[in-house]
$ cat run18.json   # JSON, C-alpha atoms
[["chain", "number", "residue", "atom", "x", "y", "z"],
["A", 419, "MET", "CA", 101.44, 103.14, 97.28],
["A", 420, "PHE", "CA", 105.19, 103.26, 96.78],
["A", 421, "GLY", "CA", 107.80, 101.31, 98.71],
["A", 422, "TYR", "CA", 107.51, 97.85, 97.15],
["A", 423, "VAL", "CA", 110.43, 98.09, 94.72],
["A", 424, "THR", "CA", 113.30, 97.47, 97.09],
["A", 425, "VAL", "CA", 116.04, 94.89, 97.64],
["A", 426, "CYS", "CA", 115.84, 91.57, 99.42],
["A", 427, "GLU", "CA", 118.75, 92.18, 101.77],
["A", 428, "PRO", "CA", 119.38, 88.56, 102.89],
["A", 429, "GLU", "CA", 119.91, 87.48, 99.28],
["A", 430, "LEU", "CA", 122.21, 90.39, 98.36],
["A", 431, "LYS", "CA", 125.98, 90.40, 98.74],
["A", 432, "MET", "CA", 127.18, 92.88, 101.36],
["A", 433, "LYS", "CA", 129.14, 94.93, 98.82],
["A", 434, "ASP", "CA", 126.03, 95.20, 96.63],
["A", 435, "PHE", "CA", 123.86, 96.18, 99.60],
["A", 436, "ARG", "CA", 126.31, 98.94, 100.54],
["A", 437, "ARG", "CA", 126.26, 100.15, 96.95],
["A", 438, "TYR", "CA", 122.43, 100.09, 96.88],
["A", 439, "LYS", "CA", 122.34, 102.07, 100.11],
["A", 440, "ALA", "CA", 124.77, 104.60, 98.59],
["A", 441, "TYR", "CA", 122.38, 105.13, 95.66],
["A", 442, "TYR", "CA", 119.47, 105.56, 98.11],
["A", 443, "CYS", "CA", 121.38, 108.03, 100.29],
["A", 444, "GLY", "CA", 122.48, 109.87, 97.15],
["A", 445, "LEU", "CA", 118.85, 110.33, 96.11],
["A", 446, "CYS", "CA", 117.97, 111.53, 99.60],
["A", 447, "GLN", "CA", 120.75, 114.13, 99.53],
["A", 448, "THR", "CA", 119.80, 115.23, 96.01],
["A", 449, "LEU", "CA", 116.18, 115.73, 97.11],
["A", 450, "LYS", "CA", 117.37, 117.88, 99.98],
["A", 451, "GLU", "CA", 119.63, 120.00, 97.79],
["A", 452, "ARG", "CA", 117.11, 120.46, 94.98],
["A", 453, "HIS", "CA", 113.83, 120.59, 96.87],
["A", 454, "GLY", "CA", 114.57, 121.16, 100.54],
["A", 455, "SER", "CA", 113.45, 119.16, 103.58],
["A", 456, "LEU", "CA", 109.88, 118.82, 102.30],
["A", 457, "GLY", "CA", 111.12, 117.37, 99.03],
["A", 458, "GLN", "CA", 113.32, 115.00, 101.01],
["A", 459, "MET", "CA", 110.18, 113.58, 102.62],
["A", 460, "THR", "CA", 109.06, 112.24, 99.22],
["A", 461, "LEU", "CA", 112.01, 109.81, 99.14],
["A", 462, "THR", "CA", 111.09, 106.33, 97.86],
["A", 463, "TYR", "CA", 112.88, 103.05, 97.18],
["A", 464, "ASP", "CA", 111.09, 102.87, 93.83],
["A", 465, "MET", "CA", 112.96, 105.85, 92.41],
["A", 466, "THR", "CA", 116.23, 104.37, 93.67],
["A", 467, "PHE", "CA", 115.52, 101.42, 91.37],
["A", 468, "ALA", "CA", 114.99, 103.87, 88.50],
["A", 469, "ILE", "CA", 118.39, 105.48, 89.15],
["A", 470, "ILE", "CA", 120.22, 102.15, 89.22],
["A", 471, "LEU", "CA", 118.43, 100.89, 86.11],
["A", 472, "LEU", "CA", 119.08, 104.02, 84.04],
["A", 473, "THR", "CA", 122.67, 104.33, 85.27],
["A", 474, "SER", "CA", 123.38, 100.74, 84.27],
["A", 475, "LEU", "CA", 121.61, 101.03, 80.92],
["A", 476, "TYR", "CA", 123.25, 104.28, 79.82],
["A", 477, "GLU", "CA", 126.57, 103.58, 81.59],
["A", 478, "LYS", "CA", 126.66, 107.02, 83.19],
["A", 479, "LYS", "CA", 129.51, 107.94, 85.51],
["A", 480, "LEU", "CA", 128.73, 108.18, 89.22],
["A", 481, "GLU", "CA", 130.15, 110.71, 91.66],
["A", 482, "SER", "CA", 130.89, 109.46, 95.16],
["A", 483, "SER", "CA", 130.76, 111.74, 98.20],
["A", 484, "MET", "CA", 130.35, 111.56, 101.99],
["A", 485, "HIS", "CA", 127.67, 113.41, 103.96],
["A", 486, "ARG", "CA", 126.03, 113.42, 107.36],
["A", 487, "CYS", "CA", 122.26, 113.63, 107.64],
["A", 488, "LYS", "CA", 119.47, 113.74, 110.23],
["A", 489, "VAL", "CA", 119.14, 109.97, 110.15],
["A", 490, "HIS", "CA", 122.91, 109.45, 110.47],
["A", 491, "PRO", "CA", 124.19, 112.58, 112.28],
["A", 492, "VAL", "CA", 127.42, 111.04, 113.62],
["A", 493, "LYS", "CA", 128.86, 108.95, 110.81],
["A", 494, "LYS", "CA", 129.14, 110.23, 107.26],
["A", 495, "GLN", "CA", 127.38, 108.11, 104.65],
["A", 496, "VAL", "CA", 128.67, 107.18, 101.20],
["A", 497, "MET", "CA", 126.49, 108.67, 98.46],
["A", 498, "LEU", "CA", 126.48, 107.82, 94.77],
["A", 499, "ARG", "CA", 124.93, 110.36, 92.40],
["A", 500, "ASN", "CA", 124.67, 111.40, 88.76],
["A", 501, "GLU", "CA", 122.16, 113.07, 86.43],
["A", 502, "PHE", "CA", 119.65, 110.30, 87.05],
["A", 503, "SER", "CA", 119.64, 111.13, 90.76],
["A", 504, "GLU", "CA", 118.45, 114.63, 89.83],
["A", 505, "TYR", "CA", 115.88, 113.19, 87.43],
["A", 506, "ALA", "CA", 114.53, 110.77, 90.06],
["A", 507, "ALA", "CA", 114.38, 113.58, 92.64],
["A", 508, "ASP", "CA", 112.27, 115.67, 90.26],
["A", 509, "MET", "CA", 110.01, 112.70, 89.47],
["A", 510, "ASN", "CA", 109.55, 112.09, 93.20],
["A", 511, "LEU", "CA", 108.46, 115.69, 93.69],
["A", 512, "ILE", "CA", 106.10, 115.70, 90.69],
["A", 513, "LEU", "CA", 104.43, 112.47, 91.84],
["A", 514, "ALA", "CA", 103.98, 113.84, 95.36],
["A", 515, "TYR", "CA", 102.66, 117.16, 94.05],
["A", 516, "TYR", "CA", 99.97, 115.66, 91.82],
["A", 517, "HIS", "CA", 99.01, 113.14, 94.49],
["A", 518, "LEU", "CA", 98.52, 115.90, 97.07],
["A", 519, "LYS", "CA", 96.69, 118.04, 94.53],
["A", 520, "ASP", "CA", 94.24, 115.22, 93.76],
["A", 521, "ASP", "CA", 93.72, 114.52, 97.47],
["A", 522, "TRP", "CA", 92.71, 118.14, 98.00],
["A", 523, "GLN", "CA", 90.43, 118.30, 94.95],
["A", 524, "ASP", "CA", 88.77, 114.93, 95.61],
["A", 525, "GLU", "CA", 88.67, 114.68, 99.39],
["A", 526, "LYS", "CA", 89.37, 118.25, 100.57],
["A", 527, "LYS", "CA", 92.12, 117.10, 102.91],
["A", 528, "VAL", "CA", 93.61, 120.16, 104.60],
["A", 529, "SER", "CA", 96.96, 118.39, 104.93],
["A", 530, "ALA", "CA", 96.98, 117.88, 101.15],
["A", 531, "LEU", "CA", 96.25, 121.57, 100.55],
["A", 532, "LEU", "CA", 99.09, 122.62, 102.85],
["A", 533, "GLY", "CA", 101.45, 120.10, 101.28],
["A", 534, "THR", "CA", 100.58, 121.24, 97.77],
["A", 535, "ALA", "CA", 101.18, 124.88, 98.68],
["A", 536, "ALA", "CA", 104.51, 124.05, 100.33],
["A", 537, "ILE", "CA", 106.04, 122.33, 97.29],
["A", 538, "ARG", "CA", 104.11, 124.07, 94.48],
["A", 539, "LYS", "CA", 106.85, 126.37, 93.22],
["A", 540, "LYS", "CA", 109.56, 123.72, 93.00],
["A", 541, "ALA", "CA", 107.11, 121.15, 91.63],
["A", 542, "GLU", "CA", 105.91, 123.49, 88.88],
["A", 543, "ASN", "CA", 109.53, 124.10, 87.85],
["A", 544, "ALA", "CA", 110.05, 120.32, 87.62],
["A", 545, "VAL", "CA", 106.82, 119.97, 85.62],
["A", 546, "LYS", "CA", 108.08, 122.53, 83.08],
["A", 547, "LYS", "CA", 111.39, 120.67, 82.80],
["A", 548, "TYR", "CA", 109.72, 117.30, 82.13],
["A", 549, "PRO", "CA", 106.41, 118.04, 80.35],
["A", 550, "ARG", "CA", 106.00, 114.56, 78.82],
["A", 551, "GLN", "CA", 106.34, 112.72, 82.10],
["A", 552, "SER", "CA", 104.34, 115.34, 84.01],
["A", 553, "HIS", "CA", 101.38, 115.28, 81.63],
["A", 554, "ALA", "CA", 101.31, 111.47, 81.72],
["A", 555, "ILE", "CA", 101.43, 111.38, 85.52],
["A", 556, "GLN", "CA", 98.63, 113.91, 85.83],
["A", 557, "ARG", "CA", 96.53, 112.17, 83.16],
["A", 558, "GLU", "CA", 96.85, 108.71, 84.68],
["A", 559, "LEU", "CA", 96.17, 109.86, 88.24],
["A", 560, "LYS", "CA", 92.99, 111.58, 87.03],
["A", 561, "GLU", "CA", 91.93, 108.43, 85.18],
["A", 562, "LEU", "CA", 92.64, 106.38, 88.28],
["A", 563, "ALA", "CA", 90.54, 108.79, 90.36],
["A", 564, "ARG", "CA", 87.69, 108.31, 87.87],
["A", 565, "TYR", "CA", 87.84, 104.53, 88.27],
["A", 566, "GLU", "CA", 87.81, 104.91, 92.04],
["A", 567, "ALA", "CA", 84.88, 107.36, 91.96],
["A", 568, "GLU", "CA", 82.91, 104.78, 89.94],
["A", 569, "ASN", "CA", 83.88, 102.08, 92.47],
["A", 570, "SER", "CA", 85.21, 100.06, 89.55],
["A", 571, "HIS", "CA", 86.29, 96.45, 90.02],
["A", 572, "ASP", "CA", 88.23, 96.51, 86.75],
["A", 573, "ILE", "CA", 91.62, 95.45, 88.12],
["A", 574, "ASP", "CA", 93.31, 95.59, 84.74],
["A", 575, "GLY", "CA", 91.97, 99.09, 84.08],
["A", 576, "THR", "CA", 92.89, 100.59, 87.43],
["A", 577, "ALA", "CA", 96.30, 98.92, 87.61],
["A", 578, "GLY", "CA", 96.91, 99.96, 83.99],
["A", 579, "CYS", "CA", 96.74, 103.61, 85.01],
["A", 580, "PHE", "CA", 99.59, 103.15, 87.43],
["A", 581, "GLY", "CA", 101.43, 101.01, 84.91],
["A", 582, "ARG", "CA", 101.35, 103.76, 82.29],
["A", 583, "LEU", "CA", 102.46, 106.26, 84.91],
["A", 584, "MET", "CA", 105.50, 104.16, 85.83],
["A", 585, "GLU", "CA", 106.46, 103.42, 82.24],
["A", 586, "GLU", "CA", 106.59, 107.13, 81.48],
["A", 587, "VAL", "CA", 108.83, 107.73, 84.49],
["A", 588, "LEU", "CA", 111.30, 105.04, 83.42],
["A", 589, "VAL", "CA", 111.55, 106.42, 79.88],
["A", 590, "TYR", "CA", 114.19, 109.06, 80.52],
["A", 591, "GLN", "CA", 114.54, 109.79, 76.82],
["A", 592, "LYS", "CA", 113.02, 108.49, 73.60],
["A", 593, "ASP", "CA", 115.60, 106.22, 71.98],
["A", 594, "MET", "CA", 116.19, 102.59, 71.05],
["A", 595, "TRP", "CA", 115.58, 101.45, 74.64],
["A", 596, "GLU", "CA", 112.17, 103.10, 74.97],
["A", 597, "GLU", "CA", 110.09, 100.00, 74.20],
["A", 598, "PRO", "CA", 111.68, 97.59, 76.73],
["A", 599, "LEU", "CA", 111.85, 100.34, 79.37],
["A", 600, "ARG", "CA", 108.14, 101.00, 78.90],
["A", 601, "LYS", "CA", 107.37, 97.31, 79.39],
["A", 602, "VAL", "CA", 109.53, 97.13, 82.52],
["A", 603, "GLY", "CA", 107.75, 100.16, 83.93],
["A", 604, "PHE", "CA", 104.23, 99.25, 82.81],
["A", 605, "PHE", "CA", 104.12, 95.80, 84.39],
["A", 606, "LEU", "CA", 106.10, 96.92, 87.43],
["A", 607, "GLY", "CA", 103.59, 99.73, 87.95],
["A", 608, "LYS", "CA", 100.68, 97.30, 87.69],
["A", 609, "PHE", "CA", 102.37, 95.05, 90.23],
["A", 610, "ILE", "CA", 102.81, 97.96, 92.65],
["A", 611, "TYR", "CA", 99.16, 98.98, 92.37],
["A", 612, "ILE", "CA", 97.78, 95.45, 92.77],
["A", 613, "MET", "CA", 100.19, 94.66, 95.61],
["A", 614, "ASP", "CA", 99.10, 97.81, 97.41],
["A", 615, "ALA", "CA", 95.43, 96.86, 96.98],
["A", 616, "TYR", "CA", 96.18, 93.31, 98.17],
["A", 617, "GLU", "CA", 97.96, 94.56, 101.29],
["A", 618, "ASP", "CA", 95.23, 97.09, 102.16],
["A", 619, "LEU", "CA", 92.14, 95.01, 101.33],
["A", 620, "GLU", "CA", 91.24, 93.93, 104.86],
["A", 621, "GLN", "CA", 91.58, 97.46, 106.25],
["A", 622, "ASP", "CA", 89.76, 98.99, 103.26],
["A", 623, "ILE", "CA", 86.80, 96.65, 103.76],
["A", 624, "LYS", "CA", 86.74, 97.53, 107.44],
["A", 625, "ASP", "CA", 86.88, 101.27, 106.76],
["A", 626, "GLY", "CA", 84.56, 101.18, 103.76],
["A", 627, "ASN", "CA", 87.27, 102.47, 101.43],
["A", 628, "TYR", "CA", 87.63, 101.75, 97.72],
["A", 629, "ASN", "CA", 89.65, 98.69, 96.71],
["A", 630, "PRO", "CA", 89.60, 97.10, 93.23],
["A", 631, "LEU", "CA", 90.08, 93.61, 94.70],
["A", 632, "ARG", "CA", 86.78, 93.58, 96.61],
["A", 633, "SER", "CA", 84.93, 91.49, 94.03],
["A", 634, "LEU", "CA", 87.85, 89.11, 93.48],
["A", 635, "ASN", "CA", 87.93, 88.60, 97.23],
["A", 636, "GLN", "CA", 84.57, 86.82, 96.95],
["A", 637, "VAL", "CA", 85.94, 83.88, 94.98],
["A", 638, "ASP", "CA", 87.16, 80.72, 96.70],
["A", 639, "ASN", "CA", 90.67, 80.82, 95.23],
["A", 640, "TYR", "CA", 91.26, 84.51, 95.97],
["A", 641, "GLU", "CA", 94.79, 84.08, 97.37],
["A", 642, "GLU", "CA", 95.82, 81.85, 94.49],
["A", 643, "ARG", "CA", 94.41, 84.28, 91.91],
["A", 644, "CYS", "CA", 96.16, 87.26, 93.49],
["A", 645, "ARG", "CA", 99.53, 85.54, 93.53],
["A", 646, "GLU", "CA", 99.00, 84.39, 89.95],
["A", 647, "ILE", "CA", 98.29, 87.96, 88.81],
["A", 648, "LEU", "CA", 101.25, 89.38, 90.73],
["A", 649, "CYS", "CA", 103.59, 86.71, 89.34],
["A", 650, "MET", "CA", 102.36, 87.43, 85.83],
["A", 651, "MET", "CA", 103.12, 91.15, 86.21],
["A", 652, "MET", "CA", 106.66, 90.55, 87.46],
["A", 653, "ALA", "CA", 107.33, 87.89, 84.85],
["A", 654, "GLU", "CA", 106.50, 90.38, 82.09],
["A", 655, "SER", "CA", 108.53, 93.16, 83.73],
["A", 656, "SER", "CA", 111.56, 90.92, 84.31],
["A", 657, "THR", "CA", 111.44, 89.54, 80.76],
["A", 658, "ALA", "CA", 111.54, 93.08, 79.39],
["A", 659, "PHE", "CA", 114.44, 93.93, 81.72],
["A", 660, "GLU", "CA", 116.47, 90.99, 80.40],
["A", 661, "ARG", "CA", 116.29, 92.57, 76.94],
["A", 662, "LEU", "CA", 118.29, 95.53, 78.22],
["A", 663, "PRO", "CA", 122.12, 95.43, 78.12],
["A", 664, "CYS", "CA", 122.50, 96.16, 81.84],
["A", 665, "LEU", "CA", 125.82, 94.86, 83.16],
["A", 666, "VAL", "CA", 126.83, 97.27, 85.94],
["A", 667, "ASP", "CA", 124.83, 96.56, 89.12],
["A", 668, "ALA", "CA", 122.90, 93.82, 87.30],
["A", 669, "ASP", "CA", 122.93, 91.69, 90.47],
["A", 670, "ILE", "CA", 121.22, 94.48, 92.41],
["A", 671, "LEU", "CA", 118.61, 94.98, 89.70],
["A", 672, "ARG", "CA", 117.85, 91.26, 89.46],
["A", 673, "ASN", "CA", 117.65, 91.02, 93.24],
["A", 674, "ILE", "CA", 114.99, 93.74, 93.22],
["A", 675, "LEU", "CA", 112.95, 92.32, 90.33],
["A", 676, "TYR", "CA", 113.13, 88.64, 91.30],
["A", 677, "ALA", "CA", 113.11, 88.84, 95.10],
["A", 678, "GLY", "CA", 112.93, 92.35, 96.56],
["A", 679, "VAL", "CA", 109.49, 93.21, 95.20],
["A", 680, "TRP", "CA", 108.12, 90.18, 97.06],
["A", 681, "THR", "CA", 109.45, 91.26, 100.47],
["A", 682, "ARG", "CA", 106.22, 92.86, 101.68],
["A", 683, "TYR", "CA", 104.11, 90.03, 100.22],
["A", 684, "ASN", "CA", 106.15, 87.39, 102.04],
["A", 685, "LYS", "CA", 106.01, 89.28, 105.32],
["A", 686, "LEU", "CA", 102.25, 89.59, 104.96],
["A", 687, "GLN", "CA", 101.94, 85.82, 104.41],
["A", 688, "GLU", "CA", 104.05, 85.12, 107.49],
["A", 689, "LYS", "CA", 101.93, 87.48, 109.58],
["A", 690, "ARG", "CA", 98.71, 85.81, 108.42],
["A", 691, "LYS", "CA", 100.10, 82.36, 109.21],
["A", 692, "GLU", "CA", 100.92, 83.54, 112.75],
["A", 693, "VAL", "CA", 97.38, 84.86, 113.19],
["A", 694, "ASP", "CA", 95.87, 81.61, 111.89],
["A", 695, "HIS", "CA", 98.12, 79.58, 114.18],
["A", 696, "GLU", "CA", 97.16, 81.63, 117.24],
["A", 697, "SER", "CA", 93.47, 81.30, 116.44]]
$ encode --input "run18.json" --output "structure tokens"
Amino acid sequence: MFGYVTVCEPELKMKDFRRYKAYYCGLCQTLKERHGSLGQMTLTYDMTFAIILLTSLYEKKLESSMHRCKVHPVKKQVMLRNEFSEYAADMNLILAYYHLKDDWQDEKKVSALLGTAAIRKKAENAVKKYPRQSHAIQRELKELARYEAENSHDIDGTAGCFGRLMEEVLVYQKDMWEEPLRKVGFFLGKFIYIMDAYEDLEQDIKDGNYNPLRSLNQVDNYEERCREILCMMMAESSTAFERLPCLVDADILRNILYAGVWTRYNKLQEKRKEVDHES
């Protein structure tokens, strides 16, 4: 479900793209150091956005370093890190842990059981460190599982679960910025969930899997309605972001919120146009 909150590279200055990549590589390295190779596999672009947003908002100093990795074994990569890199790494692990745990409990996937066992100890330590976020993540994933078990077509309800999950992750600490951060996270989370459902609808119908957009898909203006809903979510999230005094890396953050989140949507539209043209 993750992977939508990334940059639109063609519309980003090269220096900003290199800086974004340094944040991403920094998160990858932090995951490896804190949670090992298995933790590193939970790496997401979405948490990179969280690091950049919180770093800009709280004006925290970044440490730059150079490392080689499995992906880039020859040339060392620039990595930018601070306390938010560690926070995002722990959030990544907690999200993966509860997701795997639910997959085992609900669907008895052996891979989920093995994955849960492999990261349990480190995940439980992260859960203890961040009880507020952990309880919210677990609560909302369970509520989402309930909606899915009922085969609910309540788009607002199902997407709201993921919205509340994301808002809790973005609230690093309770202070004067809590309200706008919650709104950024809530509507961004709803966008992610709905975008994921939109992208998977055709395959879900084919496989007989749950998808909250099934009923909406029956209306004549389905595509128009989906885009309208997605635009509404990002408009609310972006409006809340503009209330935050983010100056450092503001161009990167705006690129993500105004263009990057639409990358997968635009590619999907292009692919569908090609299919229609061929037919």
$ residues_around --input "run18.json" --residues "segment 436-440 of chain A" --least-positions-apart "5" --cutoff "7 Å" --atoms "all atoms listed in the file" --output "ChimeraX atom specification"
/A:496-498
$ atom_distance --input "run18.json" --atom1 "atom CA of Leu671 of chain A" --atom2 "atom CA of Glu617 of chain A"
23.7 Å
$ atom_distance --input "run18.json" --atom1 "atom CA of Phe609 of chain A" --atom2 "atom CA of Tyr590 of chain A"
20.7 Å
$ residues_around --input "run18.json" --residues "segment 579-589 of chain A" --least-positions-apart "4" --cutoff "6 Å" --atoms "only C-alpha atoms" --output "MDAnalysis selection string"
chainID A and resid 551 555 558 562 596 600 603:605 607:608
$ residues_around --input "run18.json" --residues "Asp667 of chain A" --least-positions-apart "6" --cutoff "10 Å" --atoms "only C-alpha atoms" --output "list of chain:residue names"
A:Asp434, A:Arg437, A:Tyr438, A:Ile470, A:Leu471, A:Thr473, A:Ser474, A:Leu475, A:Asn673
$ atom_distance --input "run18.json" --atom1 "atom CA of Ala577 of chain A" --atom2 "atom CA of Tyr611 of chain A"
5.6 Å
$ residues_around --input "run18.json" --residues "segment 419-427 of chain A" --least-positions-apart "5" --cutoff "9 Å" --atoms "all atoms listed in the file" --output "list in words"
Met432, Phe435, Tyr438, Thr462, Tyr463, Asp464, Met465, Thr466, Phe467, Leu606, Ile610, Tyr611, Met613, Asp614, Ala615, Ile670, Leu671, Asn673, Ile674, Leu675, Ala677, Gly678, Val679, Trp680, Thr681 and Arg682 of chain A
$ closest_residue --input "run18.json" --among "A:Ser482, A:His453, A:Phe502, A:Glu646" --to "Asn543 of chain A" --atoms "all atoms listed in the file"
A:His453
$ residues_around --input "run18.json" --residues "Cys446 of chain A" --least-positions-apart "2" --cutoff "12 Å" --atoms "all atoms listed in the file" --output "PyMOL selection string"
chain A and resi 439-444+448-463+465-466+485-489+495-499+503-504+506-508+510-511
$ closest_residue --input "run18.json" --among "A:Asn627, A:Gln621, A:Ser552, A:Ser483" --to "Ala567 of chain A" --atoms "only C-alpha atoms"
A:Asn627
$ closest_residue --input "run18.json" --among "A:Leu619, A:Ile573, A:Ala563, A:Val693" --to "Glu641 of chain A" --atoms "only C-alpha atoms"
A:Leu619
$ closest_residue --input "run18.json" --among "A:Arg550, A:Lys479, A:Lys494, A:Lys560" --to "Tyr516 of chain A" --atoms "only C-alpha atoms"
A:Lys560
$ closest_residue --input "run18.json" --among "A:Cys664, A:Arg690, A:Thr576, A:Pro549" --to "Glu561 of chain A" --atoms "all atoms listed in the file"
A:Thr576
